[in-house]
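Novice: Sharing data19.pdb below, PDB, C-alpha atoms:
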```
ATOM      1  CA  MET M  22     -56.257 259.325 164.179
ATOM      2  CA  ASN M  23     -58.045 256.272 165.549
ATOM      3  CA  THR M  24     -54.970 255.375 167.620
ATOM      4  CA  LEU M  25     -55.238 258.646 169.540
ATOM      5  CA  PHE M  26     -58.816 257.844 170.551
ATOM      6  CA  LEU M  27     -57.844 254.315 171.579
ATOM      7  CA  ALA M  28     -54.972 255.630 173.714
ATOM      8  CA  ALA M  29     -57.268 258.141 175.407
ATOM      9  CA  ALA M  30     -59.859 255.439 176.107
ATOM     10  CA  GLY M  31     -57.288 253.206 177.871
ATOM     11  CA  GLY M  32     -56.341 255.833 180.463
ATOM     12  CA  GLY M  33     -57.485 253.636 183.392
ATOM     13  CA  ASN M  34     -54.627 251.220 182.740
ATOM     14  CA  ASN M  35     -52.031 253.851 183.636
ATOM     15  CA  MET M  36     -52.739 253.322 187.328
ATOM     16  CA  LEU M  37     -52.301 249.557 186.949
ATOM     17  CA  ILE M  38     -48.986 249.996 185.149
ATOM     18  CA  LEU M  39     -47.792 252.385 187.857
ATOM     19  CA  LEU M  40     -48.703 249.863 190.593
ATOM     20  CA  LEU M  41     -46.895 247.072 188.750
ATOM     21  CA  PHE M  42     -43.819 249.269 188.401
ATOM     22  CA  VAL M  43     -43.819 250.114 192.123
ATOM     23  CA  GLY M  44     -44.277 246.423 192.961
ATOM     24  CA  LEU M  45     -41.335 245.539 190.748
ATOM     25  CA  MET M  46     -39.154 248.109 192.524
ATOM     26  CA  VAL M  47     -40.138 246.737 195.966
ATOM     27  CA  LEU M  48     -39.392 243.189 194.812
ATOM     28  CA  MET M  49     -36.013 244.258 193.448
ATOM     29  CA  TYR M  50     -35.158 245.974 196.755
ATOM     30  CA  PHE M  51     -35.896 242.896 198.862
ATOM     31  CA  THR M  52     -34.189 240.426 196.517
ATOM     32  CA  MET M  53     -31.100 242.363 195.439
ATOM     33  CA  ILE M  54     -30.310 245.539 197.360
ATOM     34  CA  ARG M  55     -31.142 244.590 200.957
ATOM     35  CA  PRO M  56     -29.143 241.309 201.041
ATOM     36  CA  GLN M  57     -26.158 243.092 199.531
ATOM     37  CA  LYS M  58     -26.305 245.764 202.250
ATOM     38  CA  LYS M  59     -26.427 243.085 204.959
ATOM     39  CA  GLN M  60     -23.434 241.325 203.442
ATOM     40  CA  GLN M  61     -21.516 244.598 203.291
ATOM     41  CA  GLN M  62     -22.290 245.351 206.953
ATOM     42  CA  LYS M  63     -21.078 241.881 207.942
ATOM     43  CA  ARG M  64     -17.867 242.433 205.985
ATOM     44  CA  VAL M  65     -17.257 245.832 207.645
ATOM     45  CA  GLN M  66     -17.725 244.215 211.070
ATOM     46  CA  MET M  67     -15.182 241.552 210.126
ATOM     47  CA  MET M  68     -12.699 244.252 209.044
ATOM     48  CA  ASP M  69     -13.167 246.029 212.388
ATOM     49  CA  THR M  70     -12.279 242.855 214.312
ATOM     50  CA  LEU M  71      -8.918 242.384 212.550
ATOM     51  CA  LYS M  72      -5.955 242.406 214.898
ATOM     52  CA  LYS M  73      -2.260 241.640 214.807
ATOM     53  CA  GLY M  74      -1.550 237.900 214.704
ATOM     54  CA  ASP M  75      -4.812 236.832 213.025
ATOM     55  CA  GLN M  76      -4.565 234.134 210.374
ATOM     56  CA  VAL M  77      -6.419 235.325 207.251
ATOM     57  CA  ILE M  78      -7.207 234.256 203.718
ATOM     58  CA  LEU M  79      -6.957 237.044 201.169
ATOM     59  CA  VAL M  80      -9.202 237.382 198.101
ATOM     60  CA  ASP M  81      -6.532 235.853 195.863
ATOM     61  CA  GLY M  82      -6.331 232.751 198.076
ATOM     62  CA  LEU M  83      -3.128 233.682 199.902
ATOM     63  CA  HIS M  84      -2.974 232.375 203.482
ATOM     64  CA  ALA M  85      -1.079 234.753 205.739
ATOM     65  CA  LYS M  86      -0.709 236.172 209.233
ATOM     66  CA  ILE M  87      -1.385 239.840 209.956
ATOM     67  CA  ASP M  88       1.808 241.616 211.012
ATOM     68  CA  SER M  89       0.479 245.175 211.369
ATOM     69  CA  ILE M  90      -2.621 247.243 210.670
ATOM     70  CA  ASN M  91      -2.578 250.860 209.469
ATOM     71  CA  ASN M  92      -5.988 252.392 210.201
ATOM     72  CA  LYS M  93      -5.028 255.721 208.621
ATOM     73  CA  ASP M  94      -4.386 254.244 205.154
ATOM     74  CA  LYS M  95      -6.737 251.281 205.724
ATOM     75  CA  THR M  96      -3.979 248.845 204.854
ATOM     76  CA  ILE M  97      -2.535 245.743 206.473
ATOM     77  CA  VAL M  98       0.903 244.172 206.297
ATOM     78  CA  VAL M  99       0.771 240.390 206.150
ATOM     79  CA  ASP M 100       3.492 237.836 206.732
ATOM     80  CA  ALA M 101       3.346 234.978 204.227
ATOM     81  CA  ASP M 102       6.165 232.634 205.283
ATOM     82  CA  GLY M 103       8.643 235.443 205.860
ATOM     83  CA  ILE M 104       7.516 237.587 202.937
ATOM     84  CA  TYR M 105       5.885 240.826 204.091
ATOM     85  CA  LEU M 106       3.205 242.188 201.768
ATOM     86  CA  THR M 107       0.999 245.259 202.069
ATOM     87  CA  PHE M 108      -2.660 244.959 201.101
ATOM     88  CA  SER M 109      -5.828 246.942 201.450
ATOM     89  CA  ARG M 110      -7.946 245.828 204.395
ATOM     90  CA  MET M 111     -10.706 244.951 201.930
ATOM     91  CA  ALA M 112      -8.434 242.276 200.456
ATOM     92  CA  VAL M 113      -9.201 240.027 203.440
ATOM     93  CA  ARG M 114     -11.814 237.434 202.489
ATOM     94  CA  GLN M 115     -11.915 235.370 205.667
ATOM     95  CA  ILE M 116     -10.460 235.355 209.173
ATOM     96  CA  LEU M 117      -9.388 231.862 210.208
ATOM     97  CA  PRO M 118      -9.880 230.651 213.777
ATOM     98  CA  SER M 119      -6.772 231.058 215.884
ATOM     99  CA  ALA M 120      -4.301 228.158 215.900
ATOM    100  CA  THR M 121      -4.308 227.857 219.696
ATOM    101  CA  ALA M 122      -8.070 227.347 219.983
ATOM    102  CA  ALA M 123      -8.342 224.686 217.273
ATOM    103  CA  PRO M 124      -5.951 222.087 218.809
ATOM    104  CA  LYS M 125      -7.539 222.543 222.233
ATOM    105  CA  GLU M 126     -11.005 221.801 220.819
ATOM    106  CA  ALA M 127      -9.643 218.816 218.916
ATOM    107  CA  SER M 128      -7.968 217.383 222.022
ATOM    108  CA  ASP M 129     -11.193 217.820 224.009
ATOM    109  CA  ALA M 130     -13.094 215.934 221.328
ATOM    110  CA  THR M 131     -10.613 213.042 221.292
ATOM    111  CA  ASN M 132     -10.612 212.747 225.077
ATOM    112  CA  THR M 133     -14.377 212.442 225.312
ATOM    113  CA  THR M 134     -14.720 209.952 222.490
ATOM    114  CA  SER M 135     -11.850 207.703 223.603
ATOM    115  CA  THR M 136     -13.378 207.032 227.052
ATOM    116  CA  ASP M 137     -16.941 206.501 225.844
ATOM    117  CA  LYS M 138     -18.154 203.127 224.685
ATOM    118  CA  PRO M 139     -19.303 202.930 221.084
ATOM    119  CA  VAL M 140     -23.038 203.220 220.696
ATOM    120  CA  VAL M 141     -24.735 200.428 218.767
ATOM    121  CA  LYS M 142     -28.008 201.360 217.139
ATOM    122  CA  ASP M 143     -30.851 198.940 216.446
ATOM    123  CA  ALA M 144     -30.269 199.226 212.710
ATOM    124  CA  ASP M 145     -26.649 198.111 213.203
ATOM    125  CA  LYS M 146     -27.638 194.913 215.017
ATOM    126  CA  PRO M 147     -27.863 191.651 213.102
ATOM    127  CA  ALA M 148     -31.386 190.434 212.344
ATOM    128  CA  ASP M 149     -31.197 187.395 214.644
ATOM    129  CA  THR M 150     -30.248 189.496 217.710
ATOM    130  CA  ALA M 151     -32.837 192.202 217.129
ATOM    131  CA  GLU M 152     -35.549 192.127 219.750
ATOM    132  CA  THR M 153     -39.071 191.368 218.599
ATOM    133  CA  LYS M 154     -42.075 192.555 220.474
ATOM    134  CA  PRO M 155     -44.456 189.847 221.652
ATOM    135  CA  GLU M 156     -47.422 191.976 220.511
ATOM    136  CA  ASP M 157     -46.238 191.916 216.902
ATOM    137  CA  LYS M 158     -46.860 188.224 216.204
ATOM    138  CA  PRO M 159     -50.409 187.970 217.591
ATOM    139  CA  ALA M 160     -51.368 191.103 215.653
ATOM    140  CA  GLU M 161     -50.085 189.523 212.449
ATOM    141  CA  THR M 162     -51.978 186.300 213.062
ATOM    142  CA  LYS M 163     -55.182 188.214 213.802
ATOM    143  CA  ALA M 164     -54.800 190.078 210.532
ATOM    144  CA  ASP M 165     -54.209 186.773 208.705
ATOM    145  CA  ASP M 166     -57.273 185.185 210.351
ATOM    146  CA  THR M 167     -59.526 188.069 209.340
ATOM    147  CA  ALA M 168     -58.215 187.903 205.779
ATOM    148  CA  GLU M 169     -59.002 184.175 205.630
ATOM    149  CA  LYS M 170     -62.535 184.785 206.983
ATOM    150  CA  LYS M 171     -63.143 187.397 204.259
ATOM    151  CA  ASP M 172     -61.987 184.959 201.592
ATOM    152  CA  ASP M 173     -64.310 182.271 202.964
ATOM    153  CA  SER M 174     -67.275 184.665 202.987
ATOM    154  CA  ASP M 175     -66.573 185.653 199.379
ATOM    155  CA  LYS M 176     -66.739 182.008 198.270
ATOM    156  CA  GLU M 177     -70.236 181.516 199.737
TER     157      GLU M 177
END
```
If you took the structure in this file and wrote it as structure tokens, what would it be?
Specialist:
Amino acid sequence: MNTLFLAAAGGGNNMLILLLFVGLMVLMYFTMIRPQKKQQQKRVQMMDTLKKGDQVILVDGLHAKIDSINNKDKTIVVDADGIYLTFSRMAVRQILPSATAAPKEASDATNTTSTDKPVVKDADKPADTAETKPEDKPAETKADDTAEKKDDSDKE
């Protein structure tokens, strides 16, 4: 009987529990549901950009080239070294950059680096060739002189 009176007396805590529950739901939305929706939208955009001749990696790790796309059944036919396989479009994990663009970028990078002189940083220079600033030495001697004066004043 006493427990009924205690439960009735704690009625103000119901609002606090309700607010905590709502806060937990909002936190769960922003940490779990929203990122998953963004990832799904990104994946759908990737599926829409598929075209014949794209190099892809499927979810099982198979590297293949798209031979045809059937939008009605949402399937693709891939060519894996002469073996033609039919998969769902959702089986595509990643679209690889085209083979023609990659060698062109690589050749551009080698042409620019081969004509440029190598850059030598100060840290790479030996210690005897590193330049020293003329201001550095007088500042060190001034600091040493003031330290000696302090020691002399302490002795007196």
Novice: Selection in question (the file shown): the PyMOL selection byres ((chain M and resi 110) around 8). Which residues does it include, as number ranges by chain?
Specialist: M: 68, 95-97, 108-109, 111-113
Novice: For CA of Lys86 (chain M) and CA of Arg114 (chain M), quote the distance in Å rounded to one decimal.
Specialist: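 Going from CA of Lys86 (chain M) over to CA of Arg114 (chain M), I get 13.1 Å.
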Novice: Considering all atoms listed in the file, can you say which of M:Thr52, M:Thr107, M:Gln57, M:Asn34 comes closest to Ile90 (chain M)?
Specialist: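 Ranked by minimum distance to Ile90 (chain M), first place goes to M:Thr107.
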Novice: Spell out the residues picked by the PyMOL selection byres ((chain M and resi 104) around 12) here, as a ChimeraX atom specification.
Specialist: /M:83-88,98-103,105-107
Novice: Can you tell me how far CA of Ile116 (chain M) sits from CA of Arg64 (chain M), in Å to one decimal?
Specialist: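 Here the two named atoms are 10.7 Å from each other.
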Novice: By how many Å are CA of Pro118 (chain M) and CA of Asp75 (chain M) apart?
Specialist: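 Answer for the CA of Pro118 (chain M) to CA of Asp75 (chain M) separation: 8.0 Å.
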